[in-house]
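J.: Can you keep this structure in mind? I'll have questions shortly.
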Amino acid sequence: MMQVVIATKNKGKAKDFEALFNPFGIDVVTMFDVAPDMEIEETGTTFEENAILKAQTLANELNTLVIADDSGLIVDALGGEPGVYSARYAGDHDDEANIVKVLQKLEGVPTEERTARFMCALAIAGPNVETKTVFGTCEGVIVEEKRGTNGFGYDPIFFVPQLDRAMAELTPSEKAAISHRGNAIRKLSELLPTLLQK
Ligand SMILES: O=c1[nH]c(=O)c2ncn([C@@H]3O[C@H](COP(=O)(O)OP(=O)(O)OP(=O)(O)O)[C@@H](O)[C@H]3O)c2[nH]1
Ligand SMILES: [Mg+2]
């Protein structure tokens, strides 16, 4: 079976990538499988910088083609926070604490001002290719209470007007069809055939 290596240690992201790649008969391999002890410090100040950093570091280590995802939530009323620091906004990878912090900061903010978007930068790096980056977004509104149990991160408070449900109320394939990650992958897939020929 064909496989793609993703430079991630986030199990929620890995599930998103499975929903995106498995329908094409492609297996998803993560750092848990190929580099469980490796820690990549995200020192960049943009999604793009961190995605490139993660993709190149793992690609150099494995000498193979690697995709990395750096992503986050941008809330307009919070001046773009939590942004690049989404995973560590309240506590390090503490999804529940991160949600509580966003909801507290938005207390009293009316629905029409609770607009937000998920951003995803995907970088692809490998031994014989020039590193490439693509971006995907998904527009939404931050609701006042959690809804649904699917997905990860901020999905329970991210309402998708297009589907009239929160991201955490979508099935993995429904999320894949509209998410920032799905939109970025669809751009990357246009580049993949050229990249893989090199
Ligand atoms: O509700 C969400 N649905 C999503 O679809 C989503 N995508 C990103 N995020 C948030 O942004 C952080 C990424 O930070 P991030 O790119 O550094 O990833 P990470 O540290 O979790 O894993 P890794 O890939 O770096 O190993 C994540 O932890 C989440 O808080 C999401 N939240
Ligand atoms: Mg990270």
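Identifiers in the structure tokens: chain A, B, ... in order shown; residue index from 1 per chain; ligand index from 1 in order shown.
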Within 9 Å of ligand 2, which residues show up when you count only C-alpha atoms and all ligand atoms? List them as a PyMOL selection string, please.

T.: chain A and resi 8-10+40-42+50+54+69-71+85-88+93

J.: Using only C-alpha atoms and all ligand atoms, what are the residues with an atom within 9 Å of ligand 1, set out as a PyMOL selection string?

T.: chain A and resi 6-14+16+31+39-42+47+50-51+54+68-73+82-89+92-95+98-99+118-121+151-158+167-168+175+179-181

J.: Can you list, as a count of residues only, all residues belonging to region 47-184 of chain A that DSSP tags as strand (DSSP E)?

T.: 41

J.: Work out how far CA of Phe17 (chain A) is from CA of Ile142 (chain A), in Å to one decimal.

T.: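 Taking CA of Ile142 (chain A) as the start and CA of Phe17 (chain A) as the end point, the length is 23.8 Å.
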
J.: Quick one: everything within 12 Å of Arg114 (chain A), counting only C-alpha atoms, minus sequence neighbours fewer than 5 positions away in the same chain. Send it as a VMD selection string.

T.: chain A and resid 74 to 80 102 to 103 105 to 109 139 to 144 157 to 159

J.: Restricting the output to N, CA and C atoms, write the selected residues as a PDB file, in the first residue's frame.

T.:
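Done, and the output landed in result25.pdb:
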ATOM      1  N   ILE A  74      -7.921  31.345  14.463  1.00  0.00           N
ATOM      2  CA  ILE A  74      -7.774  32.800  14.468  1.00  0.00           C
ATOM      3  C   ILE A  74      -9.123  33.419  14.800  1.00  0.00           C
ATOM      4  N   VAL A  75      -9.209  34.087  15.942  1.00  0.00           N
ATOM      5  CA  VAL A  75     -10.478  34.677  16.369  1.00  0.00           C
ATOM      6  C   VAL A  75     -10.392  36.193  16.176  1.00  0.00           C
ATOM      7  N   ASP A  76     -11.279  36.738  15.343  1.00  0.00           N
ATOM      8  CA  ASP A  76     -11.193  38.159  14.987  1.00  0.00           C
ATOM      9  C   ASP A  76     -11.283  39.067  16.216  1.00  0.00           C
ATOM     10  N   ALA A  77     -12.244  38.776  17.109  1.00  0.00           N
ATOM     11  CA  ALA A  77     -12.452  39.650  18.279  1.00  0.00           C
ATOM     12  C   ALA A  77     -11.281  39.580  19.264  1.00  0.00           C
ATOM     13  N   LEU A  78     -10.403  38.608  19.091  1.00  0.00           N
ATOM     14  CA  LEU A  78      -9.235  38.489  19.978  1.00  0.00           C
ATOM     15  C   LEU A  78      -7.960  38.926  19.249  1.00  0.00           C
ATOM     16  N   GLY A  79      -8.135  39.720  18.208  1.00  0.00           N
ATOM     17  CA  GLY A  79      -6.976  40.229  17.471  1.00  0.00           C
ATOM     18  C   GLY A  79      -6.155  39.121  16.816  1.00  0.00           C
ATOM     19  N   GLY A  80      -6.821  38.007  16.479  1.00  0.00           N
ATOM     20  CA  GLY A  80      -6.120  36.925  15.786  1.00  0.00           C
ATOM     21  C   GLY A  80      -5.631  35.809  16.707  1.00  0.00           C
ATOM     22  N   VAL A 102     -10.510  30.624  25.488  1.00  0.00           N
ATOM     23  CA  VAL A 102     -11.144  31.351  24.379  1.00  0.00           C
ATOM     24  C   VAL A 102     -12.548  31.811  24.791  1.00  0.00           C
ATOM     25  N   LEU A 103     -13.324  30.889  25.397  1.00  0.00           N
ATOM     26  CA  LEU A 103     -14.700  31.249  25.767  1.00  0.00           C
ATOM     27  C   LEU A 103     -14.721  32.355  26.809  1.00  0.00           C
ATOM     28  N   LYS A 105     -12.471  34.723  27.257  1.00  0.00           N
ATOM     29  CA  LYS A 105     -12.073  35.990  26.631  1.00  0.00           C
ATOM     30  C   LYS A 105     -13.181  36.556  25.748  1.00  0.00           C
ATOM     31  N   LEU A 106     -14.085  35.665  25.273  1.00  0.00           N
ATOM     32  CA  LEU A 106     -15.162  36.119  24.383  1.00  0.00           C
ATOM     33  C   LEU A 106     -16.470  36.387  25.134  1.00  0.00           C
ATOM     34  N   GLU A 107     -16.420  36.292  26.460  1.00  0.00           N
ATOM     35  CA  GLU A 107     -17.644  36.489  27.237  1.00  0.00           C
ATOM     36  C   GLU A 107     -18.237  37.861  26.941  1.00  0.00           C
ATOM     37  N   GLY A 108     -19.533  37.899  26.633  1.00  0.00           N
ATOM     38  CA  GLY A 108     -20.201  39.171  26.352  1.00  0.00           C
ATOM     39  C   GLY A 108     -20.076  39.634  24.913  1.00  0.00           C
ATOM     40  N   VAL A 109     -19.270  38.968  24.115  1.00  0.00           N
ATOM     41  CA  VAL A 109     -19.118  39.356  22.699  1.00  0.00           C
ATOM     42  C   VAL A 109     -20.291  38.755  21.911  1.00  0.00           C
ATOM     43  N   GLU A 139     -13.881  29.003   7.399  1.00  0.00           N
ATOM     44  CA  GLU A 139     -14.531  30.092   8.133  1.00  0.00           C
ATOM     45  C   GLU A 139     -15.578  29.557   9.104  1.00  0.00           C
ATOM     46  N   GLY A 140     -15.688  30.220  10.264  1.00  0.00           N
ATOM     47  CA  GLY A 140     -16.688  29.797  11.234  1.00  0.00           C
ATOM     48  C   GLY A 140     -16.995  30.859  12.267  1.00  0.00           C
ATOM     49  N   VAL A 141     -17.743  30.445  13.287  1.00  0.00           N
ATOM     50  CA  VAL A 141     -18.163  31.339  14.370  1.00  0.00           C
ATOM     51  C   VAL A 141     -17.958  30.593  15.688  1.00  0.00           C
ATOM     52  N   ILE A 142     -17.414  31.276  16.695  1.00  0.00           N
ATOM     53  CA  ILE A 142     -17.194  30.622  17.994  1.00  0.00           C
ATOM     54  C   ILE A 142     -18.500  30.648  18.796  1.00  0.00           C
ATOM     55  N   VAL A 143     -19.026  29.448  19.101  1.00  0.00           N
ATOM     56  CA  VAL A 143     -20.269  29.360  19.878  1.00  0.00           C
ATOM     57  C   VAL A 143     -19.964  29.444  21.376  1.00  0.00           C
ATOM     58  N   GLU A 144     -21.020  29.624  22.181  1.00  0.00           N
ATOM     59  CA  GLU A 144     -20.799  29.864  23.616  1.00  0.00           C
ATOM     60  C   GLU A 144     -20.606  28.589  24.413  1.00  0.00           C
ATOM     61  N   ILE A 157     -16.190  24.132  19.723  1.00  0.00           N
ATOM     62  CA  ILE A 157     -16.723  25.509  19.811  1.00  0.00           C
ATOM     63  C   ILE A 157     -16.664  26.232  18.456  1.00  0.00           C
ATOM     64  N   PHE A 158     -16.281  25.497  17.410  1.00  0.00           N
ATOM     65  CA  PHE A 158     -16.172  26.110  16.077  1.00  0.00           C
ATOM     66  C   PHE A 158     -17.385  25.719  15.245  1.00  0.00           C
ATOM     67  N   PHE A 159     -18.306  26.664  15.081  1.00  0.00           N
ATOM     68  CA  PHE A 159     -19.544  26.427  14.339  1.00  0.00           C
ATOM     69  C   PHE A 159     -19.319  26.748  12.864  1.00  0.00           C
TER      70      PHE A 159
END

J.: Going by DSSP on the backbone, which bits of region 57-193 of chain A are alpha helix (DSSP H)? Write them as a PyMOL selection string, please.

T.: chain A and resi 57-62+95-105+172-178+180-193

J.: Go ahead and save the picked residues with C-alpha atoms, as a PDB file, in the first residue's frame.

T.:
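Ended up saving to selection.pdb:
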ATOM      1  CA  THR A  57      13.601  18.212  10.103  1.00  0.00           C
ATOM      2  CA  LEU A  58      11.815  14.879   9.681  1.00  0.00           C
ATOM      3  CA  ALA A  59      12.648  14.618   5.972  1.00  0.00           C
ATOM      4  CA  ASN A  60      16.360  15.053   6.785  1.00  0.00           C
ATOM      5  CA  GLU A  61      16.136  12.441   9.531  1.00  0.00           C
ATOM      6  CA  LEU A  62      14.341   9.835   7.372  1.00  0.00           C
ATOM      7  CA  ASP A  95      -7.608  21.215  24.521  1.00  0.00           C
ATOM      8  CA  GLU A  96     -10.091  21.687  27.360  1.00  0.00           C
ATOM      9  CA  ALA A  97      -8.118  24.533  28.999  1.00  0.00           C
ATOM     10  CA  ASN A  98      -7.577  26.173  25.598  1.00  0.00           C
ATOM     11  CA  ILE A  99     -11.334  26.131  24.900  1.00  0.00           C
ATOM     12  CA  VAL A 100     -12.114  27.586  28.339  1.00  0.00           C
ATOM     13  CA  LYS A 101      -9.641  30.418  27.758  1.00  0.00           C
ATOM     14  CA  VAL A 102     -11.144  31.351  24.379  1.00  0.00           C
ATOM     15  CA  LEU A 103     -14.700  31.249  25.767  1.00  0.00           C
ATOM     16  CA  GLN A 104     -13.749  33.377  28.789  1.00  0.00           C
ATOM     17  CA  LYS A 105     -12.073  35.990  26.631  1.00  0.00           C
ATOM     18  CA  PRO A 172     -14.394  12.658   9.755  1.00  0.00           C
ATOM     19  CA  SER A 173     -15.292  12.664   6.046  1.00  0.00           C
ATOM     20  CA  GLU A 174     -17.618  15.663   6.428  1.00  0.00           C
ATOM     21  CA  LYS A 175     -14.818  17.561   8.197  1.00  0.00           C
ATOM     22  CA  ALA A 176     -12.339  16.541   5.484  1.00  0.00           C
ATOM     23  CA  ALA A 177     -14.615  17.992   2.797  1.00  0.00           C
ATOM     24  CA  ILE A 178     -14.688  21.523   4.245  1.00  0.00           C
ATOM     25  CA  HIS A 180      -8.678  24.057   6.445  1.00  0.00           C
ATOM     26  CA  ARG A 181      -6.637  20.825   6.370  1.00  0.00           C
ATOM     27  CA  GLY A 182      -8.773  19.351   3.588  1.00  0.00           C
ATOM     28  CA  ASN A 183      -8.606  22.581   1.585  1.00  0.00           C
ATOM     29  CA  ALA A 184      -4.815  22.691   1.937  1.00  0.00           C
ATOM     30  CA  ILE A 185      -4.403  19.011   0.974  1.00  0.00           C
ATOM     31  CA  ARG A 186      -6.493  19.557  -2.136  1.00  0.00           C
ATOM     32  CA  LYS A 187      -4.013  22.260  -3.195  1.00  0.00           C
ATOM     33  CA  LEU A 188      -1.053  20.046  -2.366  1.00  0.00           C
ATOM     34  CA  SER A 189      -2.498  17.197  -4.414  1.00  0.00           C
ATOM     35  CA  GLU A 190      -2.223  19.433  -7.485  1.00  0.00           C
ATOM     36  CA  LEU A 191       1.523  19.685  -6.808  1.00  0.00           C
ATOM     37  CA  LEU A 192       2.156  16.069  -5.772  1.00  0.00           C
ATOM     38  CA  PRO A 193       2.438  14.468  -9.227  1.00  0.00           C
TER      39      PRO A 193
END

J.: Name the residues in contact with Ile52 (chain A) at a cut-off of 8 Å, using only C-alpha atoms, excluding same-chain residues fewer than 5 positions from it; report them as a PDB file with N, CA and C atoms, in the first residue's frame.

T.:
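Result file is part10.pdb:
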ATOM      1  N   ALA A  68       4.267  18.210   6.554  1.00  0.00           N
ATOM      2  CA  ALA A  68       3.985  18.688   7.910  1.00  0.00           C
ATOM      3  C   ALA A  68       2.852  19.693   7.864  1.00  0.00           C
ATOM      4  N   LEU A 122       0.585  23.652   5.044  1.00  0.00           N
ATOM      5  CA  LEU A 122       1.190  22.333   4.831  1.00  0.00           C
ATOM      6  C   LEU A 122       2.495  22.536   4.087  1.00  0.00           C
ATOM      7  N   ALA A 123       3.559  21.930   4.598  1.00  0.00           N
ATOM      8  CA  ALA A 123       4.838  21.984   3.883  1.00  0.00           C
ATOM      9  C   ALA A 123       5.194  20.579   3.449  1.00  0.00           C
ATOM     10  N   ILE A 124       5.752  20.471   2.256  1.00  0.00           N
ATOM     11  CA  ILE A 124       6.243  19.186   1.774  1.00  0.00           C
ATOM     12  C   ILE A 124       7.727  19.338   1.500  1.00  0.00           C
ATOM     13  N   ALA A 125       8.509  18.422   2.086  1.00  0.00           N
ATOM     14  CA  ALA A 125       9.966  18.504   1.941  1.00  0.00           C
ATOM     15  C   ALA A 125      10.506  17.098   1.724  1.00  0.00           C
ATOM     16  N   THR A 131      11.386  22.540  -1.141  1.00  0.00           N
ATOM     17  CA  THR A 131      10.283  22.585  -0.181  1.00  0.00           C
ATOM     18  C   THR A 131       9.164  23.486  -0.704  1.00  0.00           C
ATOM     19  N   THR A 133       5.056  25.051   0.100  1.00  0.00           N
ATOM     20  CA  THR A 133       4.038  25.266   1.131  1.00  0.00           C
ATOM     21  C   THR A 133       2.707  25.628   0.477  1.00  0.00           C
TER      22      THR A 133
END

J.: How many Å lie between CA of Asp37 (chain A) and CA of Pro127 (chain A), rounded to one decimal?

T.: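 Taking CA of Asp37 (chain A) and CA of Pro127 (chain A), their separation equals 21.8 Å.
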